[in-house]
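Peer 1: Below is the structure I would like to discuss, written out as structure tokens.
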Amino acid sequence: MTAIAEFAPRARHRFLFDRAEVLGPLFIAPAILYVFALVALPFFLAIYYSISAFTIFDPSYRFVGAKNFLDVMQSDVFRRTLANTFIFTIGLLLGKFAAMLLMKEFPGRGLARALVVLPWAVPVSLATLAWQWMFDSLYSVINWTLIAVGLVDAAHPPQWLGQQDLAMIAVTVVHAWRLFPFGVVIFIAGFTSVPKDILDAATVDGAGFWRRNYQIILPIIMPIVVIGLIFGTVFTFTDLSVVYLLTRGGPINATQVLGSLGFQVGILSGDVAHGAVICLFLFPFLLLVVIFMLRALRRREI
């Protein structure tokens, strides 16, 4: 009995990590600390700076309330940047149509799927550098092709990265090219999850292309589509790599997005307060979009 009594405390201590209420929090603690250090802390710090007059040149904290938000919303550059950010979401929509094509049987379908995913695997710096050469004013292969087929005058080739409208088109194309594989993978995953018996039955009943896609397939894959739209929207609205590497937001701020404008104002120009406001501006919008999508999905499942 004495030996058993002496062994019991050691046994409880030895098998403490076998208990779910101890092991679970222990495993999730690193993830919580990671999110707190790299997401929550910068977020609250941005709020702290956004209601102040903090700059690199004047680091003393002075509360100004909502003045910075009003200043930013009255800026023409910011309003154009906000519109640019919304335009860049088209890549995910293009992914749906490509996924429809890649679901069909045709020679080389496996190779086509591999090539479609390639933009997602290539480092963004290398890919953007290649696109920069393609849009170059002197060595543009795009201009060379357009001139060869007679669509562009060789004496006045388009300056893709030097004209405001053309620069916006160029950045949108590159951004859609990068986001395109994500949309394709999401929709292919959804299409392959649809039971073939349902599609065969719909075909027998006389359902055409549009009815099969939007009345049968789309409702079935809606949970996958919603999650893909949420991630695609967040990635698009927070990405600044393509703009910064390709145009630096130019010419004349024509291709700025919120991420690049916030970096330019808050870091390069030293106006930390207004830079924080620009970075925070889309948080309420993204939060409402995510809540709306998840609530709509939940009502659909119920």
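Order determines the names: the first chain of the structure tokens is A, the second B, and so forth; residues in each chain are numbered 1 upward, and ligands are numbered 1 upward as they are shown.
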Find the residues near region 156-163 of chain A: any atom within 10 Å, counting only C-alpha atoms, skip ones fewer than 5 places away on the same chain, and give them as a PyMOL selection string.
Peer 2: chain A and resi 132+134-138+140+142-144+146-147+151+168-171+246-247+250-252+254-255
Peer 1: Generate a file of the selected residues that holds N, CA and C atoms, formatted as a compact mmCIF listing (two decimals), in the first residue's frame.
Peer 2:
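To be explicit, this is the file written out as again_31.txt:
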```txt
# COMPACT_ATOMS: atom_id res chain seq x y z
N GLN A 132 7.83 43.35 -66.26
CA GLN A 132 8.37 44.69 -66.47
C GLN A 132 9.12 44.78 -67.81
N MET A 134 8.42 42.85 -70.36
CA MET A 134 7.39 42.72 -71.39
C MET A 134 6.68 44.04 -71.65
N PHE A 135 6.57 44.89 -70.62
CA PHE A 135 5.91 46.20 -70.77
C PHE A 135 6.91 47.33 -71.01
N ASP A 136 8.18 47.00 -71.18
CA ASP A 136 9.20 48.03 -71.32
C ASP A 136 8.95 48.87 -72.58
N SER A 137 9.27 50.17 -72.48
CA SER A 137 8.98 51.09 -73.59
C SER A 137 9.82 50.79 -74.83
N LEU A 138 11.02 50.20 -74.68
CA LEU A 138 11.90 49.94 -75.82
C LEU A 138 11.90 48.47 -76.25
N SER A 140 9.60 45.95 -75.38
CA SER A 140 8.35 45.26 -75.06
C SER A 140 8.00 44.24 -76.14
N ILE A 142 5.25 42.74 -76.14
CA ILE A 142 3.84 43.00 -76.43
C ILE A 142 3.72 44.03 -77.55
N ASN A 143 4.49 45.11 -77.44
CA ASN A 143 4.47 46.12 -78.51
C ASN A 143 4.98 45.54 -79.83
N TRP A 144 6.02 44.72 -79.75
CA TRP A 144 6.57 44.11 -80.97
C TRP A 144 5.50 43.26 -81.66
N LEU A 146 2.17 43.58 -81.37
CA LEU A 146 1.11 44.45 -81.88
C LEU A 146 1.55 45.17 -83.15
N ILE A 147 2.81 45.57 -83.19
CA ILE A 147 3.33 46.22 -84.40
C ILE A 147 3.40 45.22 -85.55
N LEU A 151 -1.51 46.37 -85.53
CA LEU A 151 -2.48 47.02 -84.65
C LEU A 151 -1.94 48.29 -84.02
N MET A 168 -2.49 51.31 -65.46
CA MET A 168 -3.52 50.64 -64.68
C MET A 168 -3.90 49.30 -65.31
N ILE A 169 -4.00 49.29 -66.64
CA ILE A 169 -4.31 48.04 -67.34
C ILE A 169 -3.19 47.02 -67.13
N ALA A 170 -1.94 47.48 -67.23
CA ALA A 170 -0.79 46.57 -67.08
C ALA A 170 -0.75 45.95 -65.68
N VAL A 171 -0.93 46.77 -64.66
CA VAL A 171 -0.90 46.25 -63.29
C VAL A 171 -2.07 45.30 -63.04
N LEU A 246 6.34 46.85 -59.84
CA LEU A 246 6.15 47.17 -61.25
C LEU A 246 6.15 48.66 -61.52
N THR A 247 5.42 49.44 -60.72
CA THR A 247 5.26 50.86 -61.03
C THR A 247 5.54 51.79 -59.86
N GLY A 250 3.07 54.63 -59.58
CA GLY A 250 2.98 55.64 -60.62
C GLY A 250 2.34 55.11 -61.89
N PRO A 251 2.26 55.94 -62.93
CA PRO A 251 2.67 57.35 -62.91
C PRO A 251 1.62 58.25 -62.25
N ILE A 252 2.08 59.20 -61.47
CA ILE A 252 1.24 60.18 -60.76
C ILE A 252 0.17 59.46 -59.94
N ALA A 254 -1.31 56.72 -60.29
CA ALA A 254 -2.41 56.13 -61.06
C ALA A 254 -2.64 54.67 -60.72
N THR A 255 -1.63 53.98 -60.19
CA THR A 255 -1.77 52.55 -59.93
C THR A 255 -1.63 52.21 -58.44
```
Peer 1: Just the residues within 6 Å of region 265-270 of chain A, please, counting only C-alpha atoms, with nothing from its chain fewer than 2 positions along; format it as a list in words.
Peer 2: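 Skipping anything fewer than 2 positions along the chain leaves Thr55, Ile56, Gly262, Phe263, Val272 and Gly275 of chain A.
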Peer 1: Report as number ranges by chain all protein, DNA and RNA residues lying within 10 Å of Tyr244 (chain A), evaluated on only C-alpha atoms, omitting residues in the same chain fewer than 6 positions from it.
Peer 2: A: 128, 250, 255-257, 259-261, 263-264
Peer 1: Tell me which of A:Asn213, A:Val35, A:Val242, A:Trp177 sits closest to Leu126 (chain A), counting only C-alpha atoms.
Peer 2: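 Closest to Leu126 (chain A), using only C-alpha atoms: A:Val242.
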Peer 1: Quick check, in Å to one decimal: how far apart do CA of Gly24 (chain A) and CA of Ala40 (chain A) lie?
Peer 2: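 Computed distance, CA of Gly24 (chain A) to CA of Ala40 (chain A), equals 21.8 Å.
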Peer 1: Please identify which residues in region 74-173 of chain A DSSP calls helix (DSSP H, G or I) from the backbone, and express them as a PyMOL selection string.
Peer 2: chain A and resi 76-87+90-102+109-121+124-134+141-148+164-173
Peer 1: Enter the distance from CA of Leu118 (chain A) to CA of Pro195 (chain A), in Å, rounded to one decimal.
Peer 2: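 Computing it gives 28.4 Å between the two atoms.
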Peer 1: Please, which residues in region 11-84 of chain A fall within 12 Å of region 228-237 of chain A when counting only C-alpha atoms, and what is the closest atom pair and distance in Å to one decimal for each, ordered by chain then residue number, as a tab-separated table?
Peer 2:
```
residue	atom	partner	partner_atom	distance
A:Thr81	CA	A:Phe237	CA	10.9
A:Leu82	CA	A:Phe237	CA	9.5
A:Ala83	CA	A:Phe237	CA	11.0
A:Asn84	CA	A:Phe237	CA	9.7
```
Peer 1: Could you turn the residues from that selection into a file that holds N, CA, C and O atoms, as a short mmCIF file (atom, residue, chain, number, x, y, z; two decimals), in the first residue's frame?
Peer 2:
```
data_model
loop_
_atom_site.label_atom_id
_atom_site.label_comp_id
_atom_site.auth_asym_id
_atom_site.auth_seq_id
_atom_site.Cartn_x
_atom_site.Cartn_y
_atom_site.Cartn_z
N THR A 81 -7.12 55.42 -55.28
CA THR A 81 -6.49 54.20 -54.78
C THR A 81 -7.54 53.20 -54.33
O THR A 81 -7.42 51.99 -54.58
N LEU A 82 -8.59 53.67 -53.68
CA LEU A 82 -9.67 52.78 -53.24
C LEU A 82 -10.35 52.13 -54.43
O LEU A 82 -10.64 50.93 -54.42
N ALA A 83 -10.58 52.91 -55.50
CA ALA A 83 -11.18 52.33 -56.71
C ALA A 83 -10.25 51.31 -57.35
O ALA A 83 -10.70 50.24 -57.79
N ASN A 84 -8.96 51.59 -57.38
CA ASN A 84 -7.99 50.63 -57.94
C ASN A 84 -8.01 49.32 -57.19
O ASN A 84 -7.92 48.24 -57.77
#
```
Peer 1: Which residues are near Val124 (chain A)? Cut-off 9 Å, only C-alpha atoms, ignore same chain within fewer than 6 positions. Put them as a list in words.
Peer 2: Arg178, Ser241, Val242 and Leu245 of chain A
Peer 1: What does the file look like for those residues with N, CA and C atoms, as a short mmCIF file (atom, residue, chain, number, x, y, z; two decimals), in the first residue's frame?
Peer 2:
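Wrote out_39.cif, looks like this:
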```cif
data_model
loop_
_atom_site.label_atom_id
_atom_site.label_comp_id
_atom_site.auth_asym_id
_atom_site.auth_seq_id
_atom_site.Cartn_x
_atom_site.Cartn_y
_atom_site.Cartn_z
N ARG A 178 -1.53 36.64 -61.50
CA ARG A 178 -1.08 36.00 -60.27
C ARG A 178 -2.23 35.37 -59.50
N SER A 241 2.70 43.91 -53.50
CA SER A 241 3.96 43.50 -54.11
C SER A 241 4.01 43.82 -55.60
N VAL A 242 2.94 43.50 -56.34
CA VAL A 242 2.95 43.73 -57.79
C VAL A 242 3.07 45.21 -58.10
N LEU A 245 6.60 46.65 -57.07
CA LEU A 245 7.70 46.19 -57.91
C LEU A 245 7.58 46.67 -59.35
#
```
Peer 1: So that I can see what lies close to Leu280 (chain A), please list as JSON, numbers by chain the residues with an atom at most 10 Å from it, counting only C-alpha atoms and leaving out residues fewer than 6 positions away in the same chain.
Peer 2: {"A": [43, 46, 47, 50, 69, 258, 259, 262, 274]}
Peer 1: Any idea what's packed within 12 Å of Ala121 (chain A), counting only C-alpha atoms, ignoring anything in its chain fewer than 6 positions away? Could you give it as a compact mmCIF listing (two decimals) with all heavy atoms, in the first residue's frame?
Peer 2:
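Output file part07.txt follows:
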```txt
# COMPACT_ATOMS: atom_id res chain seq x y z
N ALA A 114 -1.07 22.19 -65.13
CA ALA A 114 0.21 22.50 -64.51
C ALA A 114 0.67 23.91 -64.88
O ALA A 114 1.18 24.66 -64.04
CB ALA A 114 1.26 21.47 -64.91
N LEU A 115 0.47 24.32 -66.13
CA LEU A 115 0.88 25.65 -66.57
C LEU A 115 0.02 26.74 -65.93
O LEU A 115 0.51 27.84 -65.65
CB LEU A 115 0.79 25.75 -68.10
CG LEU A 115 1.80 24.90 -68.88
CD1 LEU A 115 1.56 25.03 -70.36
CD2 LEU A 115 3.23 25.30 -68.53
N ALA A 127 8.61 37.08 -61.30
CA ALA A 127 7.50 37.22 -62.24
C ALA A 127 7.27 38.68 -62.61
O ALA A 127 7.07 39.01 -63.79
CB ALA A 127 6.24 36.62 -61.62
N TRP A 177 -3.19 37.80 -63.43
CA TRP A 177 -2.36 36.64 -63.80
C TRP A 177 -1.89 35.90 -62.56
O TRP A 177 -1.85 34.67 -62.53
CB TRP A 177 -1.19 37.13 -64.63
CG TRP A 177 -0.19 36.08 -65.01
CD1 TRP A 177 -0.29 35.17 -66.02
CD2 TRP A 177 1.07 35.83 -64.38
NE1 TRP A 177 0.83 34.37 -66.06
CE2 TRP A 177 1.69 34.76 -65.06
CE3 TRP A 177 1.75 36.43 -63.31
CZ2 TRP A 177 2.92 34.27 -64.71
CZ3 TRP A 177 2.99 35.93 -62.96
CH2 TRP A 177 3.57 34.88 -63.65
N ARG A 178 -1.53 36.64 -61.50
CA ARG A 178 -1.08 36.00 -60.27
C ARG A 178 -2.23 35.37 -59.50
O ARG A 178 -2.08 34.31 -58.89
CB ARG A 178 -0.39 37.02 -59.35
CG ARG A 178 1.00 37.40 -59.78
CD ARG A 178 1.73 38.07 -58.65
NE ARG A 178 1.92 37.18 -57.53
CZ ARG A 178 1.55 37.46 -56.28
NH1 ARG A 178 0.95 38.60 -55.99
NH2 ARG A 178 1.79 36.60 -55.32
N LEU A 179 -3.40 36.01 -59.50
CA LEU A 179 -4.54 35.50 -58.74
C LEU A 179 -5.30 34.42 -59.49
O LEU A 179 -6.04 33.65 -58.90
CB LEU A 179 -5.48 36.65 -58.40
CG LEU A 179 -6.56 36.39 -57.35
CD1 LEU A 179 -5.92 36.04 -56.01
CD2 LEU A 179 -7.46 37.61 -57.20
N PHE A 180 -5.10 34.37 -60.79
CA PHE A 180 -5.79 33.42 -61.65
C PHE A 180 -5.68 31.97 -61.19
O PHE A 180 -6.68 31.26 -61.10
CB PHE A 180 -5.27 33.60 -63.07
CG PHE A 180 -5.95 32.79 -64.11
CD1 PHE A 180 -7.21 33.14 -64.56
CD2 PHE A 180 -5.34 31.69 -64.66
CE1 PHE A 180 -7.85 32.39 -65.54
CE2 PHE A 180 -5.96 30.94 -65.63
CZ PHE A 180 -7.22 31.30 -66.08
N PRO A 181 -4.47 31.45 -60.88
CA PRO A 181 -4.37 30.05 -60.45
C PRO A 181 -5.15 29.75 -59.18
O PRO A 181 -5.69 28.65 -59.03
CB PRO A 181 -2.85 29.85 -60.22
CG PRO A 181 -2.21 30.93 -61.00
CD PRO A 181 -3.15 32.09 -60.96
N PHE A 182 -5.20 30.70 -58.26
CA PHE A 182 -5.95 30.47 -57.02
C PHE A 182 -7.42 30.23 -57.32
O PHE A 182 -8.04 29.30 -56.78
CB PHE A 182 -5.78 31.69 -56.10
CG PHE A 182 -6.53 31.58 -54.80
CD1 PHE A 182 -6.07 30.76 -53.78
CD2 PHE A 182 -7.70 32.29 -54.60
CE1 PHE A 182 -6.75 30.66 -52.58
CE2 PHE A 182 -8.40 32.20 -53.41
CZ PHE A 182 -7.92 31.38 -52.40
```
Peer 1: Rounded to one decimal, what separation in Å do you get between CA of Val289 (chain A) and CA of Val226 (chain A)?
Peer 2: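 That distance, rounded to one decimal, is 10.7 Å.
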